[in-house]
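Structure file run.txt (compact mmCIF, C-alpha atoms) is printed below.
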# COMPACT_ATOMS: atom_id res chain seq x y z
CA MET A 115 0.64 -5.87 -40.34
CA ASN A 116 2.60 -2.62 -40.52
CA THR A 117 1.38 0.02 -42.97
CA PRO A 118 3.24 3.16 -44.15
CA ASP A 119 0.95 5.54 -42.28
CA GLN A 120 1.92 3.84 -39.00
CA SER A 121 5.65 4.47 -39.64
CA PRO A 122 7.70 7.37 -38.18
CA LEU A 123 7.41 9.22 -41.50
CA GLY A 124 5.95 12.71 -41.20
CA LYS A 125 5.97 12.59 -37.39
CA SER A 126 8.14 14.20 -34.76
CA SER A 127 10.77 11.76 -33.56
CA ALA A 128 13.03 11.80 -30.55
CA TYR A 129 16.49 10.69 -31.62
CA GLN A 130 17.69 7.87 -29.41
CA THR A 131 21.44 7.62 -29.09
CA GLN A 132 21.61 4.25 -27.34
CA TYR A 133 21.24 1.05 -29.33
CA ALA A 134 17.55 0.45 -30.10
CA PRO A 135 16.83 -2.24 -32.72
CA ASP A 136 13.10 -1.94 -32.11
CA LEU A 137 13.17 1.37 -34.01
CA LEU A 138 13.25 -0.50 -37.33
CA PHE A 139 9.83 -0.43 -39.01
CA PRO A 140 9.28 -3.24 -41.55
CA ILE A 141 6.54 -2.89 -44.18
CA PRO A 142 5.41 -5.98 -46.14
CA ARG A 143 6.31 -5.76 -49.84
CA GLN A 144 3.20 -7.70 -50.83
CA GLN A 145 0.86 -4.81 -50.07
CA LYS A 146 2.11 -2.89 -53.10
CA ARG A 147 2.83 -5.98 -55.21
CA ASP A 148 -0.86 -6.85 -55.02
CA GLU A 149 -1.54 -3.59 -56.89
CA LEU A 150 0.75 -4.80 -59.66
CA GLY A 151 -0.92 -8.20 -59.83
CA LEU A 152 2.15 -9.95 -58.43
CA THR A 153 1.23 -13.11 -56.59
CA GLY A 154 3.09 -16.39 -56.33
CA THR A 155 6.47 -16.63 -58.05
CA LEU A 156 7.93 -13.22 -58.81
CA PRO A 157 8.77 -12.48 -62.47
CA PHE A 158 12.06 -10.90 -61.39
CA PHE A 159 14.90 -11.20 -58.92
CA GLY A 160 17.10 -8.43 -57.59
CA VAL A 161 18.36 -6.44 -54.65
CA ASP A 162 17.94 -3.14 -52.86
CA ILE A 163 21.31 -1.50 -52.21
CA TRP A 164 21.34 0.94 -49.31
CA ASN A 165 24.28 3.23 -48.55
CA ALA A 166 24.41 4.81 -45.08
CA TYR A 167 26.74 7.80 -44.89
CA GLU A 168 25.95 8.92 -41.33
CA LEU A 169 27.04 5.96 -39.24
CA SER A 170 28.91 6.48 -35.98
CA TRP A 171 29.46 4.66 -32.69
CA LEU A 172 31.84 4.76 -29.72
CA ASN A 173 34.74 2.44 -29.05
CA MET A 174 35.17 1.00 -25.56
CA ARG A 175 37.16 4.07 -24.50
CA GLY A 176 34.34 6.38 -25.59
CA LYS A 177 36.04 7.67 -28.74
CA PRO A 178 33.70 8.20 -31.73
CA GLN A 179 34.15 6.00 -34.77
CA VAL A 180 32.69 6.54 -38.26
CA ALA A 181 32.15 4.43 -41.36
CA ILE A 182 29.96 4.14 -44.44
CA ALA A 183 27.69 1.09 -44.39
CA THR A 184 26.39 -0.70 -47.47
CA VAL A 185 23.39 -2.97 -46.96
CA THR A 186 22.15 -5.29 -49.70
CA ALA A 187 18.67 -6.75 -49.20
CA PRO A 188 17.18 -9.36 -51.55
CA ALA A 189 14.10 -8.36 -53.56
CA ASP A 190 12.31 -11.52 -52.46
CA SER A 191 12.57 -10.64 -48.78
CA PRO A 192 9.10 -10.30 -47.23
CA ASN A 193 9.61 -6.69 -46.12
CA ILE A 194 11.17 -3.39 -46.92
CA VAL A 195 12.36 -1.25 -44.00
CA GLU A 196 10.93 2.26 -43.90
CA SER A 197 13.81 4.66 -44.45
CA LYS A 198 13.21 7.09 -41.56
CA SER A 199 13.07 4.18 -39.15
CA PHE A 200 16.34 2.95 -40.69
CA LYS A 201 17.91 6.37 -40.01
CA LEU A 202 16.59 6.44 -36.43
CA TYR A 203 17.98 2.96 -35.86
CA LEU A 204 21.42 3.92 -37.17
CA ASN A 205 21.43 7.03 -34.98
CA SER A 206 20.83 4.84 -31.94
CA PHE A 207 24.47 3.74 -32.24
CA ASN A 208 25.77 7.30 -31.79
CA GLN A 209 26.44 6.96 -28.05
CA THR A 210 26.69 3.17 -27.96
CA ARG A 211 30.03 1.63 -26.95
CA LEU A 212 31.05 -1.38 -29.01
CA ALA A 213 34.08 -3.63 -28.91
CA GLY A 214 34.91 -2.93 -32.57
CA PRO A 215 33.63 -2.89 -36.16
CA ASP A 216 32.95 -6.62 -36.08
CA ALA A 217 30.60 -6.16 -33.14
CA LEU A 218 28.79 -3.43 -35.06
CA LEU A 219 28.55 -5.58 -38.19
CA ALA A 220 27.08 -8.45 -36.21
CA LEU A 221 24.33 -6.23 -34.80
CA LEU A 222 23.57 -4.64 -38.17
CA ARG A 223 23.33 -8.01 -39.91
CA ASP A 224 21.08 -9.54 -37.25
CA ASP A 225 18.77 -6.56 -36.82
CA LEU A 226 18.39 -5.75 -40.50
CA SER A 227 17.92 -9.39 -41.46
CA ASN A 228 15.11 -9.51 -38.91
CA GLY A 229 13.63 -6.32 -40.32
CA PHE A 230 13.72 -7.39 -43.96
CA GLY A 231 12.71 -10.91 -43.01
CA ALA A 232 15.64 -12.47 -44.90
CA PRO A 233 19.45 -12.47 -44.63
CA VAL A 234 21.04 -9.23 -45.76
CA HIS A 235 24.67 -8.47 -46.62
CA VAL A 236 26.34 -5.63 -44.73
CA SER A 237 29.80 -4.15 -45.30
CA LEU A 238 31.64 -1.17 -43.83
CA THR A 239 33.98 1.27 -45.54
CA HIS A 240 36.31 2.86 -43.00
CA PRO A 241 37.85 6.35 -43.24
CA GLU A 242 41.24 5.03 -44.32
CA ASP A 243 39.53 3.60 -47.42
CA TYR A 244 37.40 6.63 -48.34
CA ALA A 245 39.92 7.81 -50.93
CA ARG A 246 39.50 4.54 -52.82
CA LEU A 247 35.79 5.07 -53.36
CA LYS A 248 34.91 5.94 -56.94
CA MET A 249 32.00 7.64 -58.63
CA GLY A 250 30.29 6.71 -61.86
CA GLU A 251 27.12 7.21 -63.86
CA LEU A 252 24.78 4.57 -65.24
CA ASP A 253 25.65 3.90 -68.87
CA GLY A 254 23.21 3.78 -71.78
CA VAL A 255 21.58 5.81 -74.53
CA LEU A 256 20.38 9.04 -72.92
CA LEU A 257 16.62 9.42 -73.29
CA ASP A 258 16.79 12.98 -71.97
CA ARG A 259 18.16 14.19 -75.30
CA LEU A 260 14.65 13.88 -76.78
CA ASP A 261 12.58 17.07 -77.08
CA VAL A 262 9.24 15.84 -75.81
CA GLU A 263 6.12 17.73 -74.81
CA ILE A 264 4.70 16.64 -71.46
CA ASP A 265 1.25 17.24 -70.03
CA GLN A 266 0.84 14.22 -67.77
CA TYR A 267 2.73 13.64 -64.52
CA THR A 268 1.33 10.32 -63.37
CA PRO A 269 2.67 7.06 -64.85
CA SER A 270 0.68 5.80 -67.82
CA PRO A 271 1.65 2.36 -69.16
CA ALA A 272 -0.29 3.17 -72.35
CA LEU A 273 2.62 5.44 -73.37
CA LEU A 274 4.88 2.38 -73.70
CA SER A 275 5.20 0.58 -77.02
CA ALA A 276 7.72 -1.47 -78.98
CA SER A 277 8.38 -2.44 -82.62
CA HIS A 278 7.15 -6.03 -82.58
CA GLU A 279 7.30 -6.27 -86.38
CA GLU A 280 11.02 -5.44 -86.53
CA ALA A 281 14.10 -7.49 -85.65
CA PRO A 282 14.79 -7.67 -81.88
CA VAL A 283 17.54 -5.54 -80.38
CA GLU A 284 19.66 -5.39 -77.26
CA GLU A 285 20.16 -1.96 -75.79
CA THR A 286 20.49 0.04 -72.60
CA LEU A 287 18.54 3.25 -72.02
CA VAL A 288 19.03 5.76 -69.23
CA SER A 289 17.30 8.87 -67.88
CA HIS A 290 18.18 11.32 -65.12
CA LEU A 291 14.63 12.71 -65.05
CA LEU A 292 13.04 10.21 -62.68
CA LYS A 293 11.27 11.91 -59.79
CA SER A 294 8.71 10.35 -57.53
CA ASN A 295 7.38 11.33 -54.12
CA CYS A 296 7.39 9.69 -50.72
CA LEU A 297 4.27 7.60 -50.24
CA VAL A 298 3.51 9.20 -46.85
CA THR A 299 5.00 12.71 -46.76
CA GLY A 300 4.97 13.63 -50.46
CA GLN A 301 8.61 14.76 -50.25
CA PRO A 302 10.42 14.50 -53.61
CA ASP A 303 12.68 11.55 -54.40
CA TRP A 304 15.16 12.16 -57.24
CA GLY A 305 16.75 9.40 -59.27
CA THR A 306 18.49 8.14 -62.38
CA VAL A 307 17.02 5.03 -63.99
CA GLN A 308 18.61 2.52 -66.36
CA ILE A 309 16.63 0.05 -68.46
CA ARG A 310 18.58 -2.80 -70.04
CA TYR A 311 16.63 -5.14 -72.30
CA ALA A 312 16.59 -7.53 -75.24
CA GLY A 313 13.56 -7.86 -77.50
CA PRO A 314 11.38 -5.63 -79.67
CA GLN A 315 12.87 -2.13 -79.78
CA ILE A 316 11.18 0.12 -77.25
CA GLU A 317 9.87 3.43 -78.59
CA GLN A 318 12.07 5.92 -76.75
CA GLU A 319 9.85 9.01 -76.73
CA GLY A 320 6.99 7.11 -75.14
CA LEU A 321 9.35 5.58 -72.59
CA LEU A 322 10.71 8.99 -71.60
CA LYS A 323 7.20 10.39 -71.23
CA TYR A 324 6.27 7.38 -69.11
CA LEU A 325 9.26 7.85 -66.79
CA ILE A 326 8.60 11.59 -66.43
CA GLY A 327 5.05 10.58 -65.53
CA PHE A 328 6.27 9.48 -62.08
CA ARG A 329 6.84 13.15 -61.21
CA GLU A 330 3.65 13.42 -59.13
CA HIS A 331 3.42 9.75 -58.20
CA ASN A 332 3.62 8.71 -54.53
CA GLU A 333 5.45 5.43 -53.88
CA PHE A 334 8.59 4.22 -52.18
CA HIS A 335 11.72 3.76 -54.30
CA GLU A 336 11.48 -0.04 -54.43
CA GLN A 337 7.84 0.10 -55.47
CA CYS A 338 8.50 2.57 -58.29
CA VAL A 339 11.20 0.35 -59.77
CA GLU A 340 8.95 -2.71 -59.64
CA ARG A 341 6.14 -0.73 -61.29
CA ILE A 342 8.48 0.37 -64.09
CA PHE A 343 9.68 -3.20 -64.54
CA MET A 344 6.18 -4.66 -64.76
CA ASP A 345 4.79 -1.94 -67.03
CA VAL A 346 7.68 -2.28 -69.50
CA LEU A 347 7.48 -6.09 -69.35
CA ARG A 348 3.74 -6.16 -70.03
CA GLN A 349 3.54 -3.40 -72.62
CA CYS A 350 6.76 -3.99 -74.58
CA LYS A 351 7.26 -7.73 -73.97
CA PRO A 352 11.08 -7.87 -73.95
CA SER A 353 12.61 -11.32 -73.58
CA GLN A 354 15.13 -9.91 -71.10
CA LEU A 355 14.71 -6.91 -68.83
CA ALA A 356 16.61 -5.22 -66.02
CA VAL A 357 15.64 -1.96 -64.30
CA TYR A 358 18.04 -0.15 -61.96
CA ALA A 359 17.47 3.18 -60.20
CA ARG A 360 20.00 5.23 -58.26
CA TYR A 361 18.17 7.63 -55.94
CA THR A 362 19.72 10.63 -54.22
CA ARG A 363 20.21 10.37 -50.50
CA ARG A 364 17.89 11.66 -47.81
CA GLY A 365 18.78 11.64 -44.12
CA GLY A 366 22.18 10.19 -44.93
CA LEU A 367 20.71 7.20 -46.82
CA ASP A 368 20.40 6.40 -50.48
CA ILE A 369 18.35 3.47 -51.81
CA ASN A 370 19.14 1.83 -55.14
CA PRO A 371 16.69 -0.89 -56.26
CA TRP A 372 17.54 -3.33 -59.09
CA ARG A 373 15.19 -5.85 -60.68
CA ALA A 374 16.01 -8.28 -63.53
CA ASN A 375 14.60 -11.42 -65.14
CA PHE A 376 17.74 -12.78 -66.79
CA SER A 377 21.14 -13.93 -65.66
CA THR A 378 23.26 -10.82 -65.50
CA GLN A 379 25.91 -9.32 -63.27
CA LYS A 380 24.69 -7.55 -60.14
CA PRO A 381 24.89 -3.80 -60.77
CA SER A 382 27.74 -1.63 -59.61
CA ASN A 383 27.31 0.43 -56.45
CA LEU A 384 29.22 3.40 -57.88
CA ARG A 385 27.87 6.65 -56.42
CA GLY A 386 26.45 9.06 -59.00
CA ALA A 387 27.22 12.78 -59.09
CA ARG A 388 23.87 13.69 -57.51
CA GLN A 389 24.24 11.15 -54.73
As structure tokens, please, write out the structure in this file.
Amino acid sequence: MNTPDQSPLGKSSAYQTQYAPDLLFPIPRQQKRDELGLTGTLPFFGVDIWNAYELSWLNMRGKPQVAIATVTAPADSPNIVESKSFKLYLNSFNQTRLAGPDALLALLRDDLSNGFGAPVHVSLTHPEDYARLKMGELDGVLLDRLDVEIDQYTPSPALLSASHEEAPVEETLVSHLLKSNCLVTGQPDWGTVQIRYAGPQIEQEGLLKYLIGFREHNEFHEQCVERIFMDVLRQCKPSQLAVYARYTRRGGLDINPWRANFSTQKPSNLRGARQ
């Protein structure tokens, strides 16, 4: 069973420029879900949306080609793929000759599906379509407007509360102050998080303090979002909950996990200003 400390993270790596699918390093999701008490049927569904901005290969005449790849992996797949290994794998196409974009897509789908342990969706945006790409920010009531005093930088679920004696509400809350750290290297991961829910109204100051509490917390992006989801679900008891985080890119990759427990539209993949 692969563990994060066995991954390429924090280690010198020789960049292979010929196709090498064995560079992908899967890590079982269940290792971290056990910490959250998640066994059996998951209390959420969702996806991890990856955007790869540094993708290049050669056509059969040796001319470089470029594209942006978007990979969508289901949250119930057995594995995540460690991000540095993902980058190394993508770089292995740099000097690889392929018959065309369809040949590249076929390899990406097969290799990444094997890595995640479940079918993934892969699409390419080619240079002639770059101008059509749009940007956008996650909508919602901005928690960052609150003037809070902070003295704790590890996540504390006890900060979360909701007005169970009042009428239920439906609202969307957002913060740009999410920061966590890589589980292995401690490098900072910056993100914007959106919480959409229905149920007892969540106390906003406590929620903001809780989210800021990830500032010195070491976990991968997907694990942070699942921790937020479970802590809010258990402490505030909403009837409906969705948590979506847009993280800034590192090594040409951004990762955007989304978890929900009610029927709702899959989130937009609009790139934020910091991405």
Quick one: contact table of range 319-353 of chain A to range 168-192 of chain A, 12 Å max, nearest atom pair and distance in Å to one decimal per residue, counting only C-alpha atoms, chain and number order, as a tab-separated table?
residue	atom	partner	partner_atom	distance
A:Glu336	CA	A:Ala189	CA	8.8
A:Gln337	CA	A:Ala189	CA	10.7
A:Val339	CA	A:Ala189	CA	11.1
A:Glu340	CA	A:Ala189	CA	9.8
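Among the candidates A:Gln379, A:Leu355, A:Leu322, A:Thr117, the residue lying nearest to Ile264 in chain A is A:Leu322 (atoms considered: all atoms listed in the file).
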Open item on the list: Rounded to one decimal, what separation in Å do you get between CA of Gln308 in chain A and CA of Gln266 in chain A?
Closed with: 21.3 Å
Would you mind listing what lies within 8 Å of range 370-375 of chain A as an mmCIF file with C-alpha atoms, in the frame of the given file, with only C-alpha atoms counted and same-chain residues fewer than 5 positions away left out?
data_model
loop_
_atom_site.group_PDB
_atom_site.id
_atom_site.type_symbol
_atom_site.label_atom_id
_atom_site.label_comp_id
_atom_site.auth_asym_id
_atom_site.auth_seq_id
_atom_site.Cartn_x
_atom_site.Cartn_y
_atom_site.Cartn_z
ATOM 1 C CA PRO A 157 8.770 -12.480 -62.470
ATOM 2 C CA PHE A 158 12.060 -10.900 -61.390
ATOM 3 C CA PHE A 159 14.900 -11.200 -58.920
ATOM 4 C CA GLY A 160 17.100 -8.430 -57.590
ATOM 5 C CA VAL A 161 18.360 -6.440 -54.650
ATOM 6 C CA ASP A 162 17.940 -3.140 -52.860
ATOM 7 C CA ILE A 163 21.310 -1.500 -52.210
ATOM 8 C CA TRP A 164 21.340 0.940 -49.310
ATOM 9 C CA ALA A 189 14.100 -8.360 -53.560
ATOM 10 C CA HIS A 335 11.720 3.760 -54.300
ATOM 11 C CA GLU A 336 11.480 -0.040 -54.430
ATOM 12 C CA VAL A 339 11.200 0.350 -59.770
ATOM 13 C CA GLU A 340 8.950 -2.710 -59.640
ATOM 14 C CA PHE A 343 9.680 -3.200 -64.540
ATOM 15 C CA GLN A 354 15.130 -9.910 -71.100
ATOM 16 C CA LEU A 355 14.710 -6.910 -68.830
ATOM 17 C CA ALA A 356 16.610 -5.220 -66.020
ATOM 18 C CA VAL A 357 15.640 -1.960 -64.300
ATOM 19 C CA TYR A 358 18.040 -0.150 -61.960
ATOM 20 C CA ALA A 359 17.470 3.180 -60.200
ATOM 21 C CA ARG A 360 20.000 5.230 -58.260
ATOM 22 C CA TYR A 361 18.170 7.630 -55.940
ATOM 23 C CA PRO A 381 24.890 -3.800 -60.770
#
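From CA of Met249 in chain A back to CA of Asn205 in chain A, the distance works out to 25.9 Å.
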TODO: Considering all atoms listed in the file, state which residue in the set A:Ile141, A:Ala272, A:Leu292, A:Val236 is at the smallest distance from Asp224 in chain A.
DONE: A:Val236
Listing only residues of range 228-318 of chain A within 12 Å of range 142-149 of chain A, what is the closest atom pair and its distance in Å (to one decimal) for each, using all atoms listed in the file, sorted by chain and residue number ascending, as CSV?
residue,atom,partner,partner_atom,distance
A:Gly229,CA,A:Pro142,CA,10.1
A:Phe230,CA,A:Pro142,CA,8.7
A:Gly231,CA,A:Pro142,CA,9.3
A:Leu297,CA,A:Lys146,CA,11.1
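Proximity of A:Pro233, A:Gly305, A:Gly154, A:Pro118 to Phe139 in chain A, computed with all atoms listed in the file, is greatest for A:Pro118.
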